[in-house]
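Trainee: Next up is a structure, given as structure tokens.
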Amino acid sequence: MRFLLAFALIASMALPAQAAEVVRVGGYDFPPFVESDVNGQPKGLALDLVDALNKVQTKYEFRFVPTSARRRYADVAEGRFDLLFFESPEWEWAAKGHPVEFSNVFLKGGEIYVAPAKPGRGQEWFAELKGKRVVGILGYHYGFANFEANPDVLSRDWGMKLVGSHRSSIEMVLAERMDVGIVTDAYLWSYLARNPDAAERLLVSERYDQRYNHRVLVRKGGPIATDAVNQLLTQMERDGTLDRLWRAAKVLSAKP
């Protein structure tokens, strides 16, 4: 019996450990969730969340896969990634009919307006955007334009200029090349923390262009189910992991 037990123990030790299921996490330029460092490599809250998920469990191995705001619809349809963090069902997913599901809301935020600060200019400046030079981000949806993202429509009907980064939008407003910029609140707070002199030069709107109810997009038929994603988010909420991530990224509207 001792021989059989010893043999079974040795045999079990010789077996390879079960490999973790690879889960590909898509991400596109969406500061502070995904942005590029000085070397052009992706960084941001989405990648921090990928690292955190790999630390709290061993069943899955989460890997970041870059995409773009406009390409993400085709990429998920082709199975190039399995999850997409900080996403919303309202952003054309239902209209396009893609085979996706969404997790519970795990973070709130939104997009707000900024303008050059001038004597006598107040919140009324943001009441009507028609006729103003408005700058936004290519591939984003805009609430004031009925959540339109088509660059041709935004340019034709609203005269919008679309650029590649929130930083560019803010700096064009500061230079008074544009009358209004639309940026995520999380990025604006982060930008102002790094550039405190800009705070007095910007008028920040009190109303939002849109409010986010961030969820995780889950590709149907992928390696991880929506219920499993919800369980991991709940675990990380309870153990304080999510709160630490939000605070480190200076995301103020963190609680769902």
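Ligands are numbered from 1 in the order shown, chains are lettered A, B, ... in the order of the structure tokens, and residues start at 1 in each chain.
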Any chance you could list, as JSON, numbers by chain, the residues in range 26-222 of chain A that come up helix (DSSP H, G or I) when DSSP is run on the backbone?
Mentor: {"A": [45, 46, 47, 48, 49, 50, 51, 52, 53, 54, 55, 56, 72, 73, 74, 75, 76, 77, 93, 94, 95, 96, 123, 124, 125, 126, 143, 144, 145, 151, 152, 153, 154, 155, 156, 157, 158, 166, 167, 168, 169, 170, 171, 172, 173, 174, 185, 186, 187, 188, 189, 190, 191, 192, 193, 194, 196, 197, 198, 199, 200, 201]}
Trainee: Between A:Leu202, A:Leu107, A:Ala193, A:Leu242, which residue has the minimum interatomic distance to Val180 in chain A, considering only C-alpha atoms?
Mentor: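 Looking at the shortest contact to Val180 in chain A, the residue is A:Leu202.
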Trainee: What does the structure give for the distance between CA of Gln123 in chain A and CA of Val204 in chain A, in Å to one decimal?
Mentor: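 The value is 8.2 Å.
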Trainee: For the interface of range 116-167 of chain A with range 88-94 of chain A (cut-off 9 Å, counting only C-alpha atoms), please tabulate each contacting residue of range 116-167 of chain A alongside its nearest pair of atoms and their separation in Å to one decimal, rows sorted by chain and increasing number, as CSV.
Mentor:
```
residue,atom,partner,partner_atom,distance
A:Tyr140,CA,A:Trp91,CA,8.6
A:His141,CA,A:Trp91,CA,6.8
A:Phe147,CA,A:Trp91,CA,7.6
A:Ala149,CA,A:Trp91,CA,8.8
```
Trainee: Residues as selected, C-alpha atoms, written as an mmCIF file, in the first residue's frame, can you do that?
Mentor:
```
data_model
loop_
_atom_site.group_PDB
_atom_site.id
_atom_site.type_symbol
_atom_site.label_atom_id
_atom_site.label_comp_id
_atom_site.auth_asym_id
_atom_site.auth_seq_id
_atom_site.Cartn_x
_atom_site.Cartn_y
_atom_site.Cartn_z
ATOM 1 C CA TYR A 140 -16.180 58.314 -30.258
ATOM 2 C CA HIS A 141 -19.949 58.729 -29.938
ATOM 3 C CA PHE A 147 -24.607 59.476 -30.142
ATOM 4 C CA ALA A 149 -19.827 58.552 -34.370
#
```
Trainee: Could you go through range 23-235 of chain A and tell me which residues DSSP, when run on the backbone, assigns to strand (DSSP E or B), listing them as a ChimeraX atom specification?
Mentor: /A:23-27,30,34-36,42-43,60-66,83-87,100-102,107-116,134-137,142,148,161-163,180-184,202-219
Trainee: Include C-alpha atoms and write out the residues we just selected as a PDB file, in the first residue's frame.
Mentor:
```
ATOM      1  CA  VAL A  23      -8.475  35.468 -22.511  1.00  0.00           C
ATOM      2  CA  ARG A  24      -7.658  38.278 -24.942  1.00  0.00           C
ATOM      3  CA  VAL A  25      -8.632  41.746 -23.777  1.00  0.00           C
ATOM      4  CA  GLY A  26      -9.069  44.349 -26.491  1.00  0.00           C
ATOM      5  CA  GLY A  27      -8.276  47.999 -25.933  1.00  0.00           C
ATOM      6  CA  PHE A  30      -9.283  55.947 -24.598  1.00  0.00           C
ATOM      7  CA  VAL A  34      -5.683  53.051 -22.704  1.00  0.00           C
ATOM      8  CA  GLU A  35      -3.032  55.462 -23.981  1.00  0.00           C
ATOM      9  CA  SER A  36       0.524  55.314 -25.294  1.00  0.00           C
ATOM     10  CA  PRO A  42       0.107  50.944 -24.523  1.00  0.00           C
ATOM     11  CA  LYS A  43      -0.425  51.805 -20.879  1.00  0.00           C
ATOM     12  CA  TYR A  60      -7.393  32.480 -16.790  1.00  0.00           C
ATOM     13  CA  GLU A  61      -4.458  34.295 -18.323  1.00  0.00           C
ATOM     14  CA  PHE A  62      -5.585  37.729 -19.483  1.00  0.00           C
ATOM     15  CA  ARG A  63      -3.616  39.255 -22.366  1.00  0.00           C
ATOM     16  CA  PHE A  64      -3.992  42.756 -23.787  1.00  0.00           C
ATOM     17  CA  VAL A  65      -4.660  43.052 -27.549  1.00  0.00           C
ATOM     18  CA  PRO A  66      -4.600  46.510 -29.190  1.00  0.00           C
ATOM     19  CA  LEU A  83     -13.280  41.026 -23.631  1.00  0.00           C
ATOM     20  CA  LEU A  84     -13.354  44.783 -23.901  1.00  0.00           C
ATOM     21  CA  PHE A  85     -13.170  46.795 -20.688  1.00  0.00           C
ATOM     22  CA  PHE A  86     -14.868  50.164 -20.095  1.00  0.00           C
ATOM     23  CA  GLU A  87     -17.474  49.642 -22.804  1.00  0.00           C
ATOM     24  CA  VAL A 100     -21.712  40.026 -27.306  1.00  0.00           C
ATOM     25  CA  GLU A 101     -22.947  40.305 -23.740  1.00  0.00           C
ATOM     26  CA  PHE A 102     -22.146  42.817 -21.011  1.00  0.00           C
ATOM     27  CA  LEU A 107     -17.407  52.091 -13.024  1.00  0.00           C
ATOM     28  CA  LYS A 108     -19.154  55.371 -13.769  1.00  0.00           C
ATOM     29  CA  GLY A 109     -17.843  58.430 -15.553  1.00  0.00           C
ATOM     30  CA  GLY A 110     -18.614  60.559 -18.557  1.00  0.00           C
ATOM     31  CA  GLU A 111     -17.611  63.216 -21.047  1.00  0.00           C
ATOM     32  CA  ILE A 112     -17.708  66.931 -20.332  1.00  0.00           C
ATOM     33  CA  TYR A 113     -17.132  70.137 -22.248  1.00  0.00           C
ATOM     34  CA  VAL A 114     -14.191  72.498 -21.872  1.00  0.00           C
ATOM     35  CA  ALA A 115     -13.702  75.951 -23.373  1.00  0.00           C
ATOM     36  CA  PRO A 116     -11.210  78.819 -23.111  1.00  0.00           C
ATOM     37  CA  VAL A 134     -16.036  71.762 -31.527  1.00  0.00           C
ATOM     38  CA  VAL A 135     -13.220  69.240 -31.257  1.00  0.00           C
ATOM     39  CA  GLY A 136     -13.615  65.592 -30.335  1.00  0.00           C
ATOM     40  CA  ILE A 137     -12.009  62.185 -30.821  1.00  0.00           C
ATOM     41  CA  TYR A 142     -21.319  62.142 -28.912  1.00  0.00           C
ATOM     42  CA  GLU A 148     -23.383  59.770 -33.697  1.00  0.00           C
ATOM     43  CA  LYS A 161     -12.994  68.505 -35.941  1.00  0.00           C
ATOM     44  CA  LEU A 162     -11.908  65.014 -34.886  1.00  0.00           C
ATOM     45  CA  VAL A 163      -8.403  64.335 -33.590  1.00  0.00           C
ATOM     46  CA  VAL A 180     -15.306  73.739 -27.244  1.00  0.00           C
ATOM     47  CA  GLY A 181     -13.594  70.428 -26.563  1.00  0.00           C
ATOM     48  CA  ILE A 182     -15.261  67.223 -25.383  1.00  0.00           C
ATOM     49  CA  VAL A 183     -13.120  65.033 -23.111  1.00  0.00           C
ATOM     50  CA  THR A 184     -13.608  62.263 -20.581  1.00  0.00           C
ATOM     51  CA  LEU A 202     -10.183  76.392 -18.875  1.00  0.00           C
ATOM     52  CA  LEU A 203     -13.911  76.746 -18.340  1.00  0.00           C
ATOM     53  CA  VAL A 204     -15.250  73.298 -17.454  1.00  0.00           C
ATOM     54  CA  SER A 205     -18.911  72.480 -17.997  1.00  0.00           C
ATOM     55  CA  GLU A 206     -21.158  71.432 -15.150  1.00  0.00           C
ATOM     56  CA  ARG A 207     -23.290  69.274 -17.442  1.00  0.00           C
ATOM     57  CA  TYR A 208     -22.132  66.146 -19.216  1.00  0.00           C
ATOM     58  CA  ASP A 209     -22.296  65.390 -22.911  1.00  0.00           C
ATOM     59  CA  GLN A 210     -22.924  61.814 -21.821  1.00  0.00           C
ATOM     60  CA  ARG A 211     -22.518  59.718 -18.707  1.00  0.00           C
ATOM     61  CA  TYR A 212     -20.804  56.363 -18.785  1.00  0.00           C
ATOM     62  CA  ASN A 213     -21.999  53.184 -17.145  1.00  0.00           C
ATOM     63  CA  HIS A 214     -18.872  51.172 -17.837  1.00  0.00           C
ATOM     64  CA  ARG A 215     -19.244  47.440 -18.317  1.00  0.00           C
ATOM     65  CA  VAL A 216     -17.062  44.649 -19.664  1.00  0.00           C
ATOM     66  CA  LEU A 217     -18.040  43.488 -23.134  1.00  0.00           C
ATOM     67  CA  VAL A 218     -17.897  39.688 -23.333  1.00  0.00           C
ATOM     68  CA  ARG A 219     -17.751  37.860 -26.670  1.00  0.00           C
TER      69      ARG A 219
END
```
Trainee: Go through A:Gly139, A:Pro31, A:Gly97, A:Gly131 and flag the residue nearest Asp152 in chain A, using only C-alpha atoms for the distances.
Mentor: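 Answer, going by the shortest atom-to-atom distance: A:Gly139.
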Trainee: Using only C-alpha atoms, pick whichever of A:Ala52, A:Leu232, A:Ala175, A:Ala249 has the shortest atom-to-atom distance to Leu188 in chain A.
Mentor: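 Ranking A:Ala52, A:Leu232, A:Ala175, A:Ala249 by distance to Leu188 in chain A, first place goes to A:Ala249.
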Trainee: Of the candidates A:Phe106, A:Phe33, A:Trp125, A:Tyr73, which shows the shortest atom-to-atom distance to Thr234 in chain A, using only C-alpha atoms?
Mentor: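 Under the stated criterion, the closest residue is A:Phe106.
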Trainee: Quick one: pull the distance between CA of Trp246 in chain A and CA of Val229 in chain A, Å, one decimal.
Mentor: 18.3 Å
Trainee: Which residue is closest to Thr241 in chain A? Choose from A:Asp48, A:Asp197, A:Asp37, A:Asp82 and count only C-alpha atoms.
Mentor: A:Asp48
Trainee: Considering only C-alpha atoms, can you say which of A:Ala46, A:Ala198, A:Val56, A:Ala20 comes closest to Gly240 in chain A?
Mentor: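 When distances to Gly240 in chain A are compared using only C-alpha atoms, the smallest one comes from A:Val56.
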